[in-house]
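What follows is a single structure, written as structure tokens, with notes after it.
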Amino acid sequence: MSQEAGERLVVASLNTRGTSIKSSRLVERYRAIGAAFEASEVDVVNFQEVLTYYHLRHLTRAMPSFGTASYRQSVVGPAGGVVTFSRRAVASTKYKRFPMLSAEQTAGVSQLARLKAPLKGALVSRLVEPQVSIVNTHLLANFDGDWSVTNRFYRMHRSQLAGLARVVGSAQAPIIVSGDFNISRESTLYRAFLSETKLVDAFGGECAPTFHAEFLEQGRTPHCIDFVLLAGPIEVVSAELNFTGKLAMPSGSGYVSDHLGLCAELVVAE
């Protein structure tokens, strides 16, 4: 597919968690994130961990040129913490929670992880032009850094990935899926998910770690756990990481998140 035969679309993804709650510097970080996207050519941003309406309000104020913020309302904030900001008109938005987990699937994990798991899901926004489905997702975190079959989080992740696969399968193509999957690119979970959904990695399997090593325990290795995945007639022009270094903020330079961001320039077939 030649670039002349389609429409250019730049899509980004970022988990906005940042540092610990005690030193979050939320307002400063969100202003820095917003300023970076305001100065960019990005059309659509999938954000994760926008946990409350307080978070959402500050992010919206920082990104005035993004006319639409798509999410599903919940009691305290956007459902699942996922919000899609778009400079393009959005035709429809829907949110789907992942399946409830059984006691067997949650065996061995903390009470907090069991409480968070039912809140996870995927947000699907359909753009007016180009006509493409944008899927924004965030899976449960694996605090062990181990994605093997015997790990305590394995069955939970497998269930959530099955739920995400069903969301992708029901979405209208072309489809762009991005977010914080919390599974390593090297894992069998990741490979099985791509095999089932037939999604293609915009980075071609060459993406560097998407988590800052400074936020890991000593001795832990960062992995690529955030992805931009594609289905349908979409050409990848370029794909790169952003927010790779510290940014200047009023109280001192710092990372805007514990995650790095992803950005892909695409051409969607007409």
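Chain labels A, B, ... are given in the sequence in which chains occur in the structure tokens; within each chain residues are numbered consecutively from 1, and ligands are likewise numbered from 1 in the order shown.
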Within 9 Å of Gly80 (chain A) using only C-alpha atoms, minus same-chain residues under 2 positions, as a ChimeraX atom specification: /A:48-51,72,74,77-78,82-83,95,97,119-123,137-138
Backbone DSSP call of helix (DSSP H, G or I) for region 42-255 of chain A, listed as a ChimeraX atom specification: /A:53-62,79-81,111-119,154-170,188-197,213-215
Selected residues written out with C-alpha atoms, as a tab-separated table (two decimals), in the first residue's frame:
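selection_24.tsv was written with the following content:
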```tsv
chain	number	residue	atom	x	y	z
A	53	TYR	CA	-11.77	12.86	37.44
A	54	TYR	CA	-9.12	15.02	39.13
A	55	HIS	CA	-6.51	13.37	36.90
A	56	LEU	CA	-8.72	13.76	33.85
A	57	ARG	CA	-9.43	17.44	34.51
A	58	HIS	CA	-5.74	18.35	34.64
A	59	LEU	CA	-4.93	16.32	31.54
A	60	THR	CA	-7.80	17.89	29.60
A	61	ARG	CA	-6.69	21.39	30.56
A	62	ALA	CA	-3.18	20.63	29.36
A	79	ALA	CA	-13.51	3.20	33.84
A	80	GLY	CA	-10.32	1.16	33.89
A	81	GLY	CA	-8.30	4.38	34.01
A	111	GLN	CA	-5.86	-8.94	47.90
A	112	LEU	CA	-5.12	-5.62	46.14
A	113	ALA	CA	-4.45	-7.40	42.84
A	114	ARG	CA	-7.70	-9.36	43.22
A	115	LEU	CA	-9.58	-6.10	43.79
A	116	LYS	CA	-7.98	-4.35	40.81
A	117	ALA	CA	-8.44	-7.19	38.32
A	118	PRO	CA	-12.23	-6.77	37.79
A	119	LEU	CA	-11.73	-3.07	36.99
A	154	TYR	CA	-0.04	-16.13	34.49
A	155	ARG	CA	-3.66	-17.35	34.64
A	156	MET	CA	-4.96	-13.85	35.34
A	157	HIS	CA	-3.11	-12.42	32.36
A	158	ARG	CA	-4.22	-15.26	30.11
A	159	SER	CA	-7.86	-14.57	31.03
A	160	GLN	CA	-7.54	-10.82	30.47
A	161	LEU	CA	-5.80	-11.36	27.13
A	162	ALA	CA	-8.64	-13.68	26.10
A	163	GLY	CA	-11.07	-10.89	26.97
A	164	LEU	CA	-9.04	-8.40	24.97
A	165	ALA	CA	-8.93	-10.79	22.02
A	166	ARG	CA	-12.72	-10.89	22.03
A	167	VAL	CA	-12.86	-7.08	22.06
A	168	VAL	CA	-10.46	-6.96	19.11
A	169	GLY	CA	-12.45	-9.63	17.30
A	170	SER	CA	-15.67	-7.65	17.64
A	188	THR	CA	4.58	-16.90	25.52
A	189	LEU	CA	1.53	-14.85	26.56
A	190	TYR	CA	2.47	-12.13	24.08
A	191	ARG	CA	3.23	-14.53	21.24
A	192	ALA	CA	0.00	-16.48	21.79
A	193	PHE	CA	-2.05	-13.27	21.83
A	194	LEU	CA	-0.61	-12.12	18.49
A	195	SER	CA	-1.18	-15.57	17.03
A	196	GLU	CA	-4.82	-15.61	18.13
A	197	THR	CA	-5.70	-12.07	17.07
A	213	ALA	CA	14.94	1.02	35.07
A	214	GLU	CA	15.15	3.64	37.83
A	215	PHE	CA	11.70	2.62	39.05
```
Neighbouring residues of Pro130 (chain A) were defined as those with any atom within 9 Å, considering only C-alpha atoms; residues of the same chain fewer than 2 positions away were excluded. Please report them as a short mmCIF file (atom, residue, chain, number, x, y, z; two decimals) with all heavy atoms, in the first residue's frame.
```
data_model
loop_
_atom_site.label_atom_id
_atom_site.label_comp_id
_atom_site.auth_asym_id
_atom_site.auth_seq_id
_atom_site.Cartn_x
_atom_site.Cartn_y
_atom_site.Cartn_z
N GLY A 6 -3.67 6.20 1.15
CA GLY A 6 -4.32 6.20 2.45
C GLY A 6 -4.18 7.53 3.14
O GLY A 6 -3.69 8.51 2.58
N GLU A 7 -4.63 7.55 4.39
CA GLU A 7 -4.59 8.78 5.19
C GLU A 7 -3.64 8.61 6.36
O GLU A 7 -3.66 7.60 7.07
CB GLU A 7 -5.98 9.12 5.71
CG GLU A 7 -6.02 10.44 6.47
CD GLU A 7 -7.42 10.97 6.68
OE1 GLU A 7 -8.37 10.36 6.13
OE2 GLU A 7 -7.58 11.98 7.39
N ARG A 8 -2.81 9.61 6.57
CA ARG A 8 -1.82 9.59 7.64
C ARG A 8 -2.51 9.75 8.99
O ARG A 8 -3.40 10.57 9.16
CB ARG A 8 -0.82 10.72 7.43
CG ARG A 8 0.25 10.88 8.50
CD ARG A 8 1.19 12.01 8.11
NE ARG A 8 2.23 12.23 9.10
CZ ARG A 8 2.11 13.06 10.12
NH1 ARG A 8 0.98 13.75 10.30
NH2 ARG A 8 3.11 13.24 10.98
N LEU A 9 -2.06 8.95 9.96
CA LEU A 9 -2.59 9.02 11.31
C LEU A 9 -1.44 8.73 12.28
O LEU A 9 -0.76 7.72 12.14
CB LEU A 9 -3.71 8.00 11.51
CG LEU A 9 -4.45 8.05 12.86
CD1 LEU A 9 -5.33 9.30 12.95
CD2 LEU A 9 -5.30 6.80 13.06
N ARG A 88 -9.06 14.12 16.08
CA ARG A 88 -9.99 13.69 15.03
C ARG A 88 -11.37 13.45 15.64
O ARG A 88 -11.48 13.05 16.80
CB ARG A 88 -9.51 12.42 14.35
CG ARG A 88 -8.11 12.49 13.75
CD ARG A 88 -8.04 13.42 12.57
NE ARG A 88 -6.73 13.37 11.92
CZ ARG A 88 -6.45 12.63 10.85
NH1 ARG A 88 -7.39 11.85 10.31
NH2 ARG A 88 -5.25 12.65 10.31
N LEU A 127 -13.04 6.26 14.95
CA LEU A 127 -12.87 7.58 14.35
C LEU A 127 -13.78 7.76 13.14
O LEU A 127 -14.13 6.79 12.46
CB LEU A 127 -11.42 7.78 13.91
CG LEU A 127 -10.32 7.70 14.98
CD1 LEU A 127 -8.98 8.10 14.37
CD2 LEU A 127 -10.64 8.57 16.18
N VAL A 128 -14.15 9.01 12.89
CA VAL A 128 -14.95 9.33 11.71
C VAL A 128 -14.09 9.26 10.46
O VAL A 128 -14.48 8.69 9.45
CB VAL A 128 -15.59 10.72 11.86
CG1 VAL A 128 -16.30 11.14 10.57
CG2 VAL A 128 -16.57 10.75 13.03
N VAL A 132 -11.33 4.06 11.53
CA VAL A 132 -10.46 3.09 12.18
C VAL A 132 -10.89 2.96 13.63
O VAL A 132 -11.36 3.93 14.24
CB VAL A 132 -8.97 3.53 12.08
CG1 VAL A 132 -8.76 4.87 12.75
CG2 VAL A 132 -8.05 2.48 12.67
N VAL A 268 -3.48 4.74 6.96
CA VAL A 268 -4.65 3.89 6.93
C VAL A 268 -5.25 3.90 5.53
O VAL A 268 -5.52 4.98 4.98
CB VAL A 268 -5.69 4.33 7.96
CG1 VAL A 268 -6.89 3.40 7.96
CG2 VAL A 268 -5.06 4.42 9.35
N ALA A 269 -5.48 2.75 4.94
CA ALA A 269 -6.01 2.67 3.58
C ALA A 269 -7.37 3.33 3.49
O ALA A 269 -8.19 3.23 4.39
CB ALA A 269 -6.11 1.21 3.14
N GLU A 270 -7.60 4.00 2.38
CA GLU A 270 -8.90 4.65 2.16
C GLU A 270 -9.93 3.64 1.67
O GLU A 270 -9.58 2.64 1.05
CB GLU A 270 -8.74 5.77 1.11
CG GLU A 270 -7.85 6.91 1.60
CD GLU A 270 -7.68 7.99 0.55
OE1 GLU A 270 -7.96 7.72 -0.63
OE2 GLU A 270 -7.27 9.11 0.93
#
```
Surrounding residues of Glu235 (chain A) excluding itself and chain neighbours under 3 positions, 12 Å, only C-alpha atoms, as a PyMOL selection string: chain A and resi 1-10+174-176+200-204+229-232+238-239+264-270
Which of region 148-184 of chain A fall in strand (DSSP E or B), as an NGL selection string: :A and (175-180)
Restricted to all heavy atoms, what would the selected residues look like written as a compact mmCIF listing (two decimals), in the first residue's frame?
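out16.txt was written with the following content:
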```
# COMPACT_ATOMS: atom_id res chain seq x y z
N ILE A 175 -7.95 -1.76 12.73
CA ILE A 175 -7.89 -1.67 14.19
C ILE A 175 -6.48 -1.31 14.64
O ILE A 175 -5.50 -1.87 14.14
CB ILE A 175 -8.30 -3.01 14.84
CG1 ILE A 175 -9.69 -3.47 14.36
CG2 ILE A 175 -8.29 -2.90 16.36
CD1 ILE A 175 -10.03 -4.89 14.74
N ILE A 176 -6.41 -0.39 15.59
CA ILE A 176 -5.15 -0.04 16.24
C ILE A 176 -5.33 -0.28 17.73
O ILE A 176 -6.21 0.30 18.35
CB ILE A 176 -4.76 1.43 15.97
CG1 ILE A 176 -4.63 1.69 14.47
CG2 ILE A 176 -3.46 1.78 16.70
CD1 ILE A 176 -4.51 3.16 14.12
N VAL A 177 -4.51 -1.16 18.29
CA VAL A 177 -4.59 -1.49 19.71
C VAL A 177 -3.32 -1.00 20.39
O VAL A 177 -2.22 -1.30 19.93
CB VAL A 177 -4.71 -3.01 19.93
CG1 VAL A 177 -4.89 -3.34 21.40
CG2 VAL A 177 -5.85 -3.59 19.10
N SER A 178 -3.47 -0.25 21.48
CA SER A 178 -2.27 0.14 22.22
C SER A 178 -2.58 0.26 23.70
O SER A 178 -3.74 0.36 24.10
CB SER A 178 -1.69 1.45 21.69
OG SER A 178 -2.41 2.57 22.14
N GLY A 179 -1.52 0.23 24.50
CA GLY A 179 -1.69 0.37 25.93
C GLY A 179 -0.59 -0.33 26.69
O GLY A 179 0.41 -0.79 26.14
N ASP A 180 -0.82 -0.41 28.00
CA ASP A 180 0.11 -1.07 28.92
C ASP A 180 -0.39 -2.49 29.14
O ASP A 180 -1.32 -2.71 29.91
CB ASP A 180 0.17 -0.28 30.23
CG ASP A 180 1.05 -0.94 31.27
OD1 ASP A 180 1.71 -1.93 30.94
OD2 ASP A 180 1.04 -0.46 32.42
```
Point-to-point distance in Å for CA of Ala107 (chain A) and CA of Arg152 (chain A):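 So the two atoms, CA of Arg152 (chain A) and CA of Ala107 (chain A), lie 7.1 Å apart.
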Counting only C-alpha atoms, the residue of A:Leu241, A:Val228, A:Thr221, A:Glu186 that sits nearest Ala208 (chain A): A:Leu241
Shell around Arg220 (chain A) at 12 Å using only C-alpha atoms, local window under 4 positions removed, as an MDAnalysis selection string: chainID A and resid 143:146 211:216
